[in-house]
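Novice: Quick one, data14.txt (compact mmCIF, C-alpha atoms):
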# COMPACT_ATOMS: atom_id res chain seq x y z
CA MET A 1 -204.86 17.48 49.85
CA SER A 2 -206.99 14.40 49.36
CA VAL A 3 -208.01 10.99 50.73
CA LYS A 4 -208.96 8.47 48.08
CA VAL A 5 -210.31 5.00 48.77
CA ARG A 6 -210.30 2.32 46.08
CA PRO A 7 -210.90 -1.45 46.16
CA TYR A 8 -207.75 -3.56 46.59
CA ARG A 9 -207.30 -6.57 44.32
CA ASN A 10 -206.84 -9.04 47.18
CA GLY A 11 -209.69 -7.67 49.25
CA GLY A 12 -210.23 -4.59 51.41
CA PHE A 13 -209.54 -1.03 50.32
CA GLU A 14 -206.40 0.92 49.53
CA VAL A 15 -206.35 4.31 51.24
CA ASP A 16 -204.32 6.88 49.25
CA ILE A 17 -203.49 10.06 51.21
CA ARG A 18 -201.82 13.17 49.76
CA CYS A 19 -201.28 16.23 51.95
CA LEU A 20 -199.03 19.24 52.52
CA LEU A 21 -197.04 18.82 55.74
CA PRO A 22 -196.33 21.70 58.19
CA THR A 23 -192.76 21.71 56.82
CA GLY A 24 -194.07 22.66 53.36
CA GLU A 25 -193.33 19.22 51.89
CA TRP A 26 -195.86 17.13 50.03
CA HIS A 27 -196.38 13.71 51.54
CA ARG A 28 -198.06 10.68 50.01
CA GLU A 29 -198.97 7.59 51.95
CA ARG A 30 -200.84 4.46 50.81
CA LYS A 31 -202.05 1.67 53.05
CA VAL A 32 -204.43 -1.27 52.63
CA GLN A 33 -207.20 -1.56 55.23
CA ARG A 34 -209.31 -4.70 55.64
CA LEU A 35 -212.35 -2.59 56.48
CA SER A 36 -215.57 -1.47 54.85
CA ARG A 37 -215.30 1.43 52.40
CA SER A 38 -216.80 3.93 54.88
CA ALA A 39 -214.54 2.73 57.72
CA ALA A 40 -211.50 2.94 55.44
CA GLN A 41 -212.55 6.49 54.48
CA ARG A 42 -212.81 7.53 58.13
CA TRP A 43 -209.41 5.97 58.89
CA GLY A 44 -207.84 7.90 56.00
CA GLU A 45 -209.34 11.22 57.09
CA GLN A 46 -208.10 10.69 60.66
CA ARG A 47 -204.65 9.78 59.36
CA GLU A 48 -204.63 12.95 57.23
CA ARG A 49 -205.43 15.10 60.28
CA ASP A 50 -202.58 13.45 62.24
CA LEU A 51 -200.14 14.24 59.43
CA LEU A 52 -201.28 17.86 59.22
CA VAL A 53 -200.82 18.35 62.96
CA ASN A 54 -197.78 16.20 63.75
CA GLY A 55 -195.95 16.01 60.44
CA ARG A 56 -194.20 13.02 58.91
CA PRO A 57 -193.76 10.17 61.42
CA VAL A 58 -190.19 9.34 62.40
CA GLN A 59 -189.31 5.91 61.07
CA PRO A 60 -187.50 3.73 63.58
CA LYS A 61 -183.94 2.92 62.57
CA GLU A 62 -183.35 -0.59 61.37
CA VAL A 63 -180.60 -2.07 63.54
CA PRO A 64 -178.10 -4.22 61.61
CA THR A 65 -177.13 -7.74 62.58
CA VAL A 66 -173.61 -8.68 63.60
CA GLN A 67 -172.95 -10.01 60.10
CA GLU A 68 -174.25 -6.82 58.48
CA PHE A 69 -172.29 -4.51 60.78
CA ALA A 70 -168.99 -6.45 60.64
CA PRO A 71 -167.71 -5.04 57.29
CA ARG A 72 -168.43 -1.47 58.40
CA PHE A 73 -166.69 -2.11 61.74
CA ILE A 74 -163.55 -3.28 59.94
CA ALA A 75 -163.58 -0.56 57.27
CA GLU A 76 -164.67 2.49 59.29
CA HIS A 77 -163.11 1.59 62.64
CA ALA A 78 -160.04 -0.62 62.22
CA VAL A 79 -158.90 0.54 58.77
CA ALA A 80 -159.98 4.18 59.11
CA ASN A 81 -158.14 4.49 62.44
CA ARG A 82 -155.01 3.12 60.73
CA GLN A 83 -154.57 0.19 63.02
CA LYS A 84 -151.68 -2.17 62.28
CA ALA A 85 -152.25 -4.60 59.43
CA SER A 86 -151.79 -7.52 61.83
CA THR A 87 -154.44 -6.06 64.17
CA ILE A 88 -156.94 -5.61 61.33
CA SER A 89 -156.28 -9.15 60.13
CA ALA A 90 -156.71 -10.57 63.64
CA LYS A 91 -160.08 -8.81 64.05
CA GLN A 92 -161.24 -10.04 60.64
CA VAL A 93 -160.29 -13.62 61.55
CA ILE A 94 -162.16 -13.38 64.86
CA LEU A 95 -165.25 -12.10 63.05
CA ASP A 96 -165.10 -14.74 60.33
CA ARG A 97 -164.29 -17.74 62.53
CA HIS A 98 -166.14 -16.99 65.74
CA LEU A 99 -168.50 -14.02 65.95
CA VAL A 100 -170.35 -14.27 62.63
CA PRO A 101 -170.89 -18.05 62.86
CA ALA A 102 -172.18 -17.71 66.45
CA LEU A 103 -174.05 -14.37 66.37
CA GLY A 104 -174.23 -13.35 62.72
CA ALA A 105 -178.03 -13.30 62.50
CA VAL A 106 -178.56 -11.46 65.80
CA ARG A 107 -179.28 -7.70 65.74
CA LEU A 108 -176.74 -5.64 67.66
CA ASP A 109 -179.37 -4.33 70.07
CA ALA A 110 -180.69 -7.85 70.70
CA ILE A 111 -177.44 -9.39 71.95
CA THR A 112 -178.00 -10.56 75.52
CA SER A 113 -175.85 -11.92 78.32
CA GLU A 114 -177.24 -15.31 77.38
CA HIS A 115 -175.77 -14.90 73.88
CA VAL A 116 -172.39 -14.01 75.38
CA GLN A 117 -172.45 -17.04 77.69
CA SER A 118 -173.39 -19.26 74.76
CA LEU A 119 -170.44 -17.86 72.83
CA LYS A 120 -168.10 -18.66 75.73
CA GLY A 121 -169.42 -22.22 75.75
CA ARG A 122 -168.86 -22.49 72.01
CA LEU A 123 -165.22 -21.42 72.52
CA ALA A 124 -164.60 -23.69 75.52
CA HIS A 125 -161.92 -25.65 73.63
CA LEU A 126 -159.75 -22.52 73.26
CA GLN A 127 -157.33 -20.97 75.74
CA PRO A 128 -158.83 -18.27 78.02
CA LYS A 129 -156.59 -15.62 76.44
CA THR A 130 -157.91 -16.52 72.96
CA VAL A 131 -161.51 -16.44 74.20
CA ASN A 132 -160.88 -13.01 75.74
CA ASN A 133 -159.56 -11.75 72.39
CA VAL A 134 -162.86 -12.80 70.78
CA LEU A 135 -164.91 -11.20 73.57
CA ALA A 136 -162.85 -8.00 73.34
CA VAL A 137 -163.71 -7.62 69.63
CA LEU A 138 -167.41 -8.18 70.38
CA GLY A 139 -167.30 -5.59 73.18
CA LYS A 140 -165.50 -3.06 70.98
CA MET A 141 -168.00 -3.62 68.17
CA LEU A 142 -170.94 -2.89 70.48
CA LYS A 143 -169.28 0.22 71.94
CA THR A 144 -168.52 1.47 68.44
CA ALA A 145 -172.15 0.93 67.43
CA VAL A 146 -173.23 3.10 70.38
CA GLU A 147 -170.71 5.83 69.46
CA TRP A 148 -172.04 5.86 65.89
CA ASN A 149 -175.68 5.97 67.08
CA VAL A 150 -176.38 2.64 65.41
CA ILE A 151 -177.83 1.47 68.74
CA ALA A 152 -178.96 3.62 71.64
CA GLU A 153 -177.12 1.80 74.41
CA LEU A 154 -175.09 -1.29 75.15
CA PRO A 155 -177.48 -4.27 75.11
CA CYS A 156 -175.40 -6.24 77.61
CA ARG A 157 -172.07 -6.31 79.39
CA VAL A 158 -169.33 -8.47 77.88
CA ARG A 159 -167.38 -9.97 80.78
CA LEU A 160 -163.95 -11.44 80.07
CA LEU A 161 -162.74 -14.73 81.50
CA LYS A 162 -160.29 -14.82 84.34
CA ALA A 163 -157.15 -15.85 82.51
CA PRO A 164 -154.34 -17.18 84.70
CA ALA A 165 -150.94 -15.66 84.03
CA GLN A 166 -148.91 -17.97 81.83
CA GLU A 167 -145.21 -18.43 82.32
CA GLN A 168 -143.40 -17.69 79.07
CA ALA A 169 -141.08 -20.36 77.72
CA PHE A 170 -137.45 -19.29 77.32
CA TYR A 171 -133.99 -20.75 76.91
CA ASP A 172 -131.87 -20.90 80.05
CA PHE A 173 -128.32 -19.59 79.88
CA GLY A 174 -126.79 -22.92 78.82
CA GLU A 175 -129.41 -23.61 76.14
CA PHE A 176 -129.06 -20.15 74.68
CA GLU A 177 -125.26 -20.49 74.45
CA ARG A 178 -125.70 -23.81 72.62
CA LEU A 179 -128.04 -22.05 70.20
CA VAL A 180 -125.56 -19.20 69.69
CA GLU A 181 -122.66 -21.57 69.02
CA GLU A 182 -124.68 -23.66 66.55
CA ALA A 183 -125.78 -20.49 64.73
CA ARG A 184 -122.16 -19.29 64.64
CA ARG A 185 -121.08 -22.56 63.01
CA ARG A 186 -123.76 -22.34 60.34
CA SER A 187 -123.67 -18.74 59.10
CA PRO A 188 -123.17 -15.08 60.11
CA LEU A 189 -126.81 -14.43 59.16
CA LEU A 190 -128.15 -17.07 61.58
CA LEU A 191 -125.90 -15.74 64.34
CA ALA A 192 -127.26 -12.22 63.78
CA VAL A 193 -130.85 -13.48 63.94
CA VAL A 194 -130.30 -15.37 67.21
CA LEU A 195 -128.52 -12.43 68.85
CA LEU A 196 -130.99 -9.79 67.63
CA GLY A 197 -133.73 -11.75 69.36
CA GLY A 198 -131.88 -13.10 72.40
CA GLU A 199 -129.64 -10.13 73.22
CA ALA A 200 -131.68 -7.18 71.86
CA GLY A 201 -135.24 -8.47 72.27
CA LEU A 202 -136.40 -7.70 68.73
CA ARG A 203 -139.67 -9.20 67.53
CA SER A 204 -139.71 -11.10 64.25
CA GLY A 205 -141.27 -8.17 62.35
CA GLU A 206 -138.74 -5.75 63.86
CA MET A 207 -135.86 -7.96 62.71
CA GLN A 208 -137.27 -8.07 59.18
CA ALA A 209 -137.68 -4.28 59.06
CA LEU A 210 -134.28 -3.39 60.56
CA GLU A 211 -132.28 -1.19 58.20
CA TRP A 212 -128.62 -0.27 58.23
CA GLN A 213 -129.53 3.33 59.02
CA ASP A 214 -130.96 2.01 62.32
CA VAL A 215 -127.64 0.41 63.32
CA ASN A 216 -124.94 2.51 64.96
CA LEU A 217 -121.98 0.14 65.28
CA GLN A 218 -119.71 2.84 66.68
CA ARG A 219 -122.03 3.57 69.60
CA LYS A 220 -123.32 -0.04 69.72
CA LEU A 221 -126.91 1.14 69.53
CA LEU A 222 -129.99 -0.09 67.65
CA CYS A 223 -132.96 2.11 66.81
CA VAL A 224 -136.12 0.01 66.53
CA GLN A 225 -138.56 2.20 64.65
CA ARG A 226 -140.48 -0.03 62.23
CA ALA A 227 -141.88 -3.53 61.84
CA VAL A 228 -143.03 -5.69 58.93
CA TRP A 229 -146.02 -8.03 58.87
CA ARG A 230 -146.80 -9.93 55.67
CA GLY A 231 -145.24 -7.23 53.58
CA HIS A 232 -146.94 -4.35 55.40
CA GLU A 233 -144.55 -1.94 57.10
CA SER A 234 -145.66 0.02 60.17
CA ALA A 235 -144.44 1.34 63.50
CA PRO A 236 -143.40 -1.24 66.11
CA LYS A 237 -146.02 -2.67 68.43
CA GLY A 238 -147.08 0.12 70.78
CA GLY A 239 -146.42 2.73 68.10
CA ARG A 240 -143.18 4.06 69.62
CA LEU A 241 -139.58 3.67 68.56
CA ARG A 242 -137.01 2.56 71.12
CA TYR A 243 -133.25 2.41 71.43
CA VAL A 244 -131.50 -0.80 72.47
CA PRO A 245 -127.78 -0.95 73.33
CA MET A 246 -125.97 -3.83 71.62
CA THR A 247 -123.79 -6.43 73.30
CA SER A 248 -120.29 -6.68 71.92
CA ARG A 249 -120.96 -9.98 70.16
CA LEU A 250 -124.18 -8.67 68.58
CA ALA A 251 -122.31 -5.65 67.25
CA ALA A 252 -119.60 -7.96 65.89
CA ALA A 253 -122.20 -10.24 64.29
CA LEU A 254 -123.84 -7.31 62.50
CA GLN A 255 -120.45 -5.97 61.45
CA ALA A 256 -119.76 -9.32 59.75
CA LEU A 257 -122.91 -9.20 57.62
CA PRO A 258 -122.54 -8.17 53.96
CA LYS A 259 -123.96 -4.75 53.17
CA LEU A 260 -125.62 -5.14 49.80
CA GLY A 261 -126.00 -1.93 47.86
CA GLY A 262 -129.45 -2.86 46.55
CA SER A 263 -131.08 -3.34 49.96
CA ALA A 264 -131.32 -1.12 52.99
CA ARG A 265 -132.42 -4.09 55.13
CA VAL A 266 -129.91 -5.69 57.49
CA LEU A 267 -131.17 -9.28 57.24
CA THR A 268 -131.11 -10.47 53.63
CA LYS A 269 -130.53 -13.79 51.89
CA ARG A 270 -129.35 -13.82 48.28
CA GLY A 271 -130.26 -10.15 48.07
CA ARG A 272 -133.83 -10.67 49.32
CA PRO A 273 -135.05 -9.38 52.70
CA LEU A 274 -135.94 -12.18 55.10
CA THR A 275 -139.62 -12.97 55.62
CA GLU A 276 -141.30 -14.34 58.73
CA ARG A 277 -141.43 -17.82 57.20
CA MET A 278 -137.75 -17.71 56.26
CA LEU A 279 -136.81 -16.62 59.78
CA GLY A 280 -138.85 -19.44 61.30
CA ARG A 281 -137.33 -22.11 59.08
CA MET A 282 -133.80 -20.89 59.73
CA LEU A 283 -134.27 -20.86 63.47
CA HIS A 284 -135.93 -24.29 63.50
CA THR A 285 -132.87 -25.73 61.76
CA VAL A 286 -130.54 -24.24 64.37
CA GLU A 287 -132.75 -25.35 67.25
CA ARG A 288 -132.80 -28.93 65.96
CA ARG A 289 -129.02 -29.00 65.47
CA ALA A 290 -128.53 -27.61 68.98
CA GLY A 291 -130.75 -30.34 70.46
CA LEU A 292 -133.48 -27.89 71.44
CA GLU A 293 -137.23 -28.04 70.95
CA LYS A 294 -138.51 -26.23 67.85
CA VAL A 295 -140.43 -23.28 69.28
CA GLY A 296 -140.08 -20.27 67.01
CA VAL A 297 -138.58 -16.82 66.77
CA HIS A 298 -140.55 -15.26 69.64
CA ILE A 299 -138.85 -17.47 72.25
CA LEU A 300 -135.70 -15.42 71.66
CA ARG A 301 -137.52 -12.29 72.87
CA HIS A 302 -138.80 -14.15 75.93
CA THR A 303 -135.24 -15.31 76.54
CA PHE A 304 -134.00 -11.72 76.37
CA CYS A 305 -136.53 -10.49 78.95
CA SER A 306 -136.08 -13.54 81.19
CA HIS A 307 -132.30 -13.26 81.25
CA LEU A 308 -132.50 -9.57 82.11
CA ALA A 309 -134.80 -10.36 85.03
CA MET A 310 -132.56 -13.22 86.20
CA ARG A 311 -129.57 -10.89 86.12
CA GLY A 312 -131.43 -8.43 88.38
CA ALA A 313 -132.43 -5.73 85.86
CA ALA A 314 -135.11 -3.31 87.08
CA PRO A 315 -138.64 -3.79 85.68
CA ALA A 316 -138.67 -0.27 84.17
CA ALA A 317 -135.42 -0.98 82.32
CA ILE A 318 -136.76 -4.24 80.90
CA GLN A 319 -139.98 -2.51 79.86
CA ALA A 320 -138.05 0.22 78.01
CA LEU A 321 -135.65 -2.18 76.27
CA ALA A 322 -138.38 -4.63 75.23
CA GLY A 323 -140.86 -1.93 74.25
CA HIS A 324 -143.67 -3.27 76.43
CA GLN A 325 -146.71 -0.99 76.41
CA SER A 326 -147.68 -1.98 79.93
CA LEU A 327 -145.51 -2.67 82.95
CA ALA A 328 -147.88 -5.55 83.69
CA THR A 329 -146.37 -7.39 80.71
CA THR A 330 -142.90 -6.89 82.14
CA GLN A 331 -144.03 -8.10 85.56
CA GLY A 332 -144.68 -11.49 84.00
CA TYR A 333 -140.91 -12.02 83.97
CA MET A 334 -140.07 -10.59 87.39
CA HIS A 335 -140.66 -13.83 89.32
CA LEU A 336 -137.33 -14.88 87.78
CA SER A 337 -135.51 -11.96 89.37
CA PRO A 338 -133.27 -12.93 92.28
CA ALA A 339 -133.94 -9.49 93.74
CA SER A 340 -137.68 -10.12 94.10
CA GLY A 341 -137.28 -12.87 96.67
CA ALA A 342 -133.99 -11.69 98.12
CA SER A 343 -135.33 -8.24 98.99
CA ALA A 344 -138.27 -9.77 100.84
CA ILE A 345 -136.03 -12.11 102.85
CA ALA A 346 -133.74 -9.15 103.54
CA LEU A 347 -136.60 -7.56 105.47
CA LEU A 348 -136.56 -10.54 107.82
CA GLU A 349 -132.79 -10.29 108.13
CA ALA A 350 -133.07 -6.60 108.95
CA GLY A 351 -135.48 -7.40 111.76
CA SER A 352 -133.43 -10.27 113.18
CA GLY A 353 -132.03 -7.99 115.89
CA ALA A 354 -135.50 -7.22 117.28
CA PRO A 355 -136.47 -8.63 120.69
CA ARG A 356 -137.51 -12.28 120.66
CA GLY A 357 -141.00 -13.29 121.57
CA GLY A 358 -139.92 -14.45 125.03
CA ASP A 359 -138.16 -11.16 125.75
CA MET A 360 -141.28 -9.24 124.83
CA LEU A 361 -143.37 -11.37 127.18
CA GLU A 362 -140.93 -10.74 130.03
CA THR A 363 -141.04 -7.00 129.39
CA ALA A 364 -144.78 -7.04 129.43
Could you write out this file's structure as structure tokens?
Specialist:
Amino acid sequence: MSVKVRPYRNGGFEVDIRCLLPTGEWHRERKVQRLSRSAAQRWGEQRERDLLVNGRPVQPKEVPTVQEFAPRFIAEHAVANRQKASTISAKQVILDRHLVPALGAVRLDAITSEHVQSLKGRLAHLQPKTVNNVLAVLGKMLKTAVEWNVIAELPCRVRLLKAPAQEQAFYDFGEFERLVEEARRRSPLLLAVVLLGGEAGLRSGEMQALEWQDVNLQRKLLCVQRAVWRGHESAPKGGRLRYVPMTSRLAAALQALPKLGGSARVLTKRGRPLTERMLGRMLHTVERRAGLEKVGVHILRHTFCSHLAMRGAAPAAIQALAGHQSLATTQGYMHLSPASGASAIALLEAGSGAPRGGDMLETA
């Protein structure tokens, strides 16, 4: 054990301490002191005594910034937990476009409510739902950092915006029939696409991934058990398969499709499985020819749910057929149900035989 003091080239003295810690480890520590030689010697001897009694000092952890932590969050949280490829991509886009530009240089433990409010202001041009998606990723990143002991506690609370419920666009019964007839005139493949979305509620990725083994024409039943996103195959949204009964014309449309030996996929064009872009282009063509606004494939799914609600289907049935994770999603269509208003008015009708106000006054 020793304390050596030597002149430092830029002034002062370098104190070089070597000692055996209580743990049995040798420890060396060097520090420059802008003191006199005797004062530097006394400082070194006191520091040596502290090390002999208390051991090696615990170095405080260096907390990463948002930009430094982002790659680990994607790799060890999103990818390691086997989230859907579309989910991982969405989180990466949010980090690259919004969180890193706004908060990239800020340490995770230094993010304040003021930072969050500033971020909301920066995103003011976006829809509330989009802003909430960004805030949700920030909140999840901070909670993950706490779980991994990167930070001791949440530095602030990330409050979401109040997002008003948006009414989903859909085709009414007449518009949908025009779309069906136009698709029928153009090709069996287009007809199958329109009916898979509008009468079975399949998402675009679920249509692309549908295989002939999932189609039971005899029982008129579809098994939706996989989805495709940019070439990545995974379970459907929500992670659960579902069974959807087919309408007679959907079953007939699928029956008319050629079954190519080289592909297990139902929807193919020239032997190649349809992609999201191909589906969108095909549907846009049919929409234009039918005199409808070009919206996209997902409007067919909204049409499916909306028509079920308008026909009086129960919310639980719609949820099961559409594969909604939450009944709250299904409730977004229930204002279209004739039963929702009719049942409330029926309560008034049921009470119409009660005594009138005047009769009650007379009785009193």
Novice: Of the residues A:Ala317, A:Ala309, A:Ala290, A:Val224, which is the one nearest to Arg178 of chain A, using all atoms listed in the file?
Specialist: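 Looking at the shortest contact to Arg178 of chain A, the residue is A:Ala290.
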Novice: Work out where the centre of an axis-aligned box around every listed atom of segment 117-131 of chain A lies and how long its edges are once 6 Å is added on each side; give both in Å to one decimal as JSON.
Specialist:
{"center_x": -165.0, "center_y": -20.6, "center_z": 75.0, "size_x": 28.8, "size_y": 22.0, "size_z": 18.0}
Novice: Point out the residue among A:Arg56, A:Arg186, A:Arg6, A:Arg42 with the least atom-to-atom distance to His27 of chain A, counting only C-alpha atoms.
Specialist: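 When distances to His27 of chain A are compared using only C-alpha atoms, the smallest one comes from A:Arg56.
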Novice: Under the rule of at most 7 Å, produce a per-residue listing of segment 136-216 of chain A near segment 245-251 of chain A: chain, number, name, the closest pair of atoms, and the distance in Å, as a tab-separated table, using only C-alpha atoms.
Specialist:
residue	atom	partner	partner_atom	distance
A:Ala192	CA	A:Leu250	CA	6.7
A:Leu195	CA	A:Leu250	CA	5.7
A:Leu196	CA	A:Leu250	CA	7.0
A:Glu199	CA	A:Thr247	CA	6.9
A:Ala200	CA	A:Met246	CA	6.6
Novice: Can you tell me which residues surround Pro164 of chain A at a distance of at most 12 Å, considering only C-alpha atoms, apart from same-chain residues fewer than 6 positions away, and format the answer as a VMD selection string?
Specialist: chain A and resid 127 to 129 132 332
Novice: Could you name the residues that touch Asp172 of chain A at 8 Å or less, counting only C-alpha atoms, but leaving out those on the same chain fewer than 2 positions away, as a VMD selection string?
Specialist: chain A and resid 170 174 to 176 303 307
Novice: May I have the residues within 12 Å of Arg122 of chain A as a PDB file with C-alpha atoms, in the coordinates of the input, using all atoms listed in the file and disregarding those fewer than 2 positions away in the same chain?
Specialist:
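Result file selection-v6.pdb:
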ATOM      1  CA  ARG A  97    -164.290 -17.740  62.530  1.00  0.00           C
ATOM      2  CA  HIS A  98    -166.140 -16.990  65.740  1.00  0.00           C
ATOM      3  CA  LEU A  99    -168.500 -14.020  65.950  1.00  0.00           C
ATOM      4  CA  PRO A 101    -170.890 -18.050  62.860  1.00  0.00           C
ATOM      5  CA  ALA A 102    -172.180 -17.710  66.450  1.00  0.00           C
ATOM      6  CA  LEU A 103    -174.050 -14.370  66.370  1.00  0.00           C
ATOM      7  CA  HIS A 115    -175.770 -14.900  73.880  1.00  0.00           C
ATOM      8  CA  VAL A 116    -172.390 -14.010  75.380  1.00  0.00           C
ATOM      9  CA  GLN A 117    -172.450 -17.040  77.690  1.00  0.00           C
ATOM     10  CA  SER A 118    -173.390 -19.260  74.760  1.00  0.00           C
ATOM     11  CA  LEU A 119    -170.440 -17.860  72.830  1.00  0.00           C
ATOM     12  CA  LYS A 120    -168.100 -18.660  75.730  1.00  0.00           C
ATOM     13  CA  ALA A 124    -164.600 -23.690  75.520  1.00  0.00           C
ATOM     14  CA  HIS A 125    -161.920 -25.650  73.630  1.00  0.00           C
ATOM     15  CA  LEU A 126    -159.750 -22.520  73.260  1.00  0.00           C
ATOM     16  CA  VAL A 131    -161.510 -16.440  74.200  1.00  0.00           C
ATOM     17  CA  VAL A 134    -162.860 -12.800  70.780  1.00  0.00           C
TER      18      VAL A 134
END
Novice: Could you pull the residues within 9 Å of Leu279 of chain A, counting all atoms listed in the file, minus those fewer than 5 positions along the same chain, as number ranges by chain?
Specialist: A: 190, 193, 204, 208, 274, 284, 296-297
Novice: When you draw a straight line from atom CA of Gln33 of chain A to atom CA of Leu21 of chain A, how long is it in Å?
Specialist: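 Computing the Euclidean distance for atom CA of Gln33 of chain A and atom CA of Leu21 of chain A yields 22.8 Å.
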Novice: Rounded to one decimal place, report the atom CA of Ile299 of chain A-atom CA of Ala136 of chain A distance in Å.
Specialist: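 Atom-to-atom, atom CA of Ile299 of chain A to atom CA of Ala136 of chain A, that is 25.8 Å.
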Novice: What separation in Å, quoted to one decimal, exists between atom CA of Gln46 of chain A and atom CA of Val3 of chain A?
Specialist: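 Between atom CA of Gln46 of chain A and atom CA of Val3 of chain A the gap works out to 9.9 Å.
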Novice: With distances taken over all atoms listed in the file, which residue among A:Val150, A:Val53, A:Leu283, A:Leu327 lies nearest Val295 of chain A?
Specialist: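 Of the candidates, the smallest distance to Val295 of chain A is held by A:Leu283.
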Novice: Select, from A:Ala316, A:Ala78, A:Val66, A:Gly205, the residue with the minimum atom-to-atom distance to Arg277 of chain A, counting all atoms listed in the file.
Specialist: A:Gly205
Novice: For Ala70 of chain A, which residue out of A:Ala328, A:Cys305, A:Leu123, A:Ala105 is the nearest one, using all atoms listed in the file?
Specialist: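 Under the stated criterion, the closest residue is A:Ala105.
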Novice: My list of candidates is A:Leu308, A:Leu52, A:Met278, A:Leu300. Which is closest to Gly198 of chain A when distances are computed with all atoms listed in the file?
Specialist: A:Leu300
Novice: Got a sec: who's within 10 Å of Leu20 of chain A, counting all atoms listed in the file, leaving out chain neighbours fewer than 2 positions off, as a CSV table (one decimal) with C-alpha atoms, in the coordinates of the input?
Specialist:
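Once everything was written out, this is out07.csv:
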chain,number,residue,atom,x,y,z
A,1,MET,CA,-204.9,17.5,49.8
A,2,SER,CA,-207.0,14.4,49.4
A,18,ARG,CA,-201.8,13.2,49.8
A,22,PRO,CA,-196.3,21.7,58.2
A,23,THR,CA,-192.8,21.7,56.8
A,24,GLY,CA,-194.1,22.7,53.4
A,25,GLU,CA,-193.3,19.2,51.9
A,26,TRP,CA,-195.9,17.1,50.0
A,27,HIS,CA,-196.4,13.7,51.5
A,28,ARG,CA,-198.1,10.7,50.0
A,48,GLU,CA,-204.6,13.0,57.2
A,51,LEU,CA,-200.1,14.2,59.4
A,52,LEU,CA,-201.3,17.9,59.2
A,55,GLY,CA,-196.0,16.0,60.4
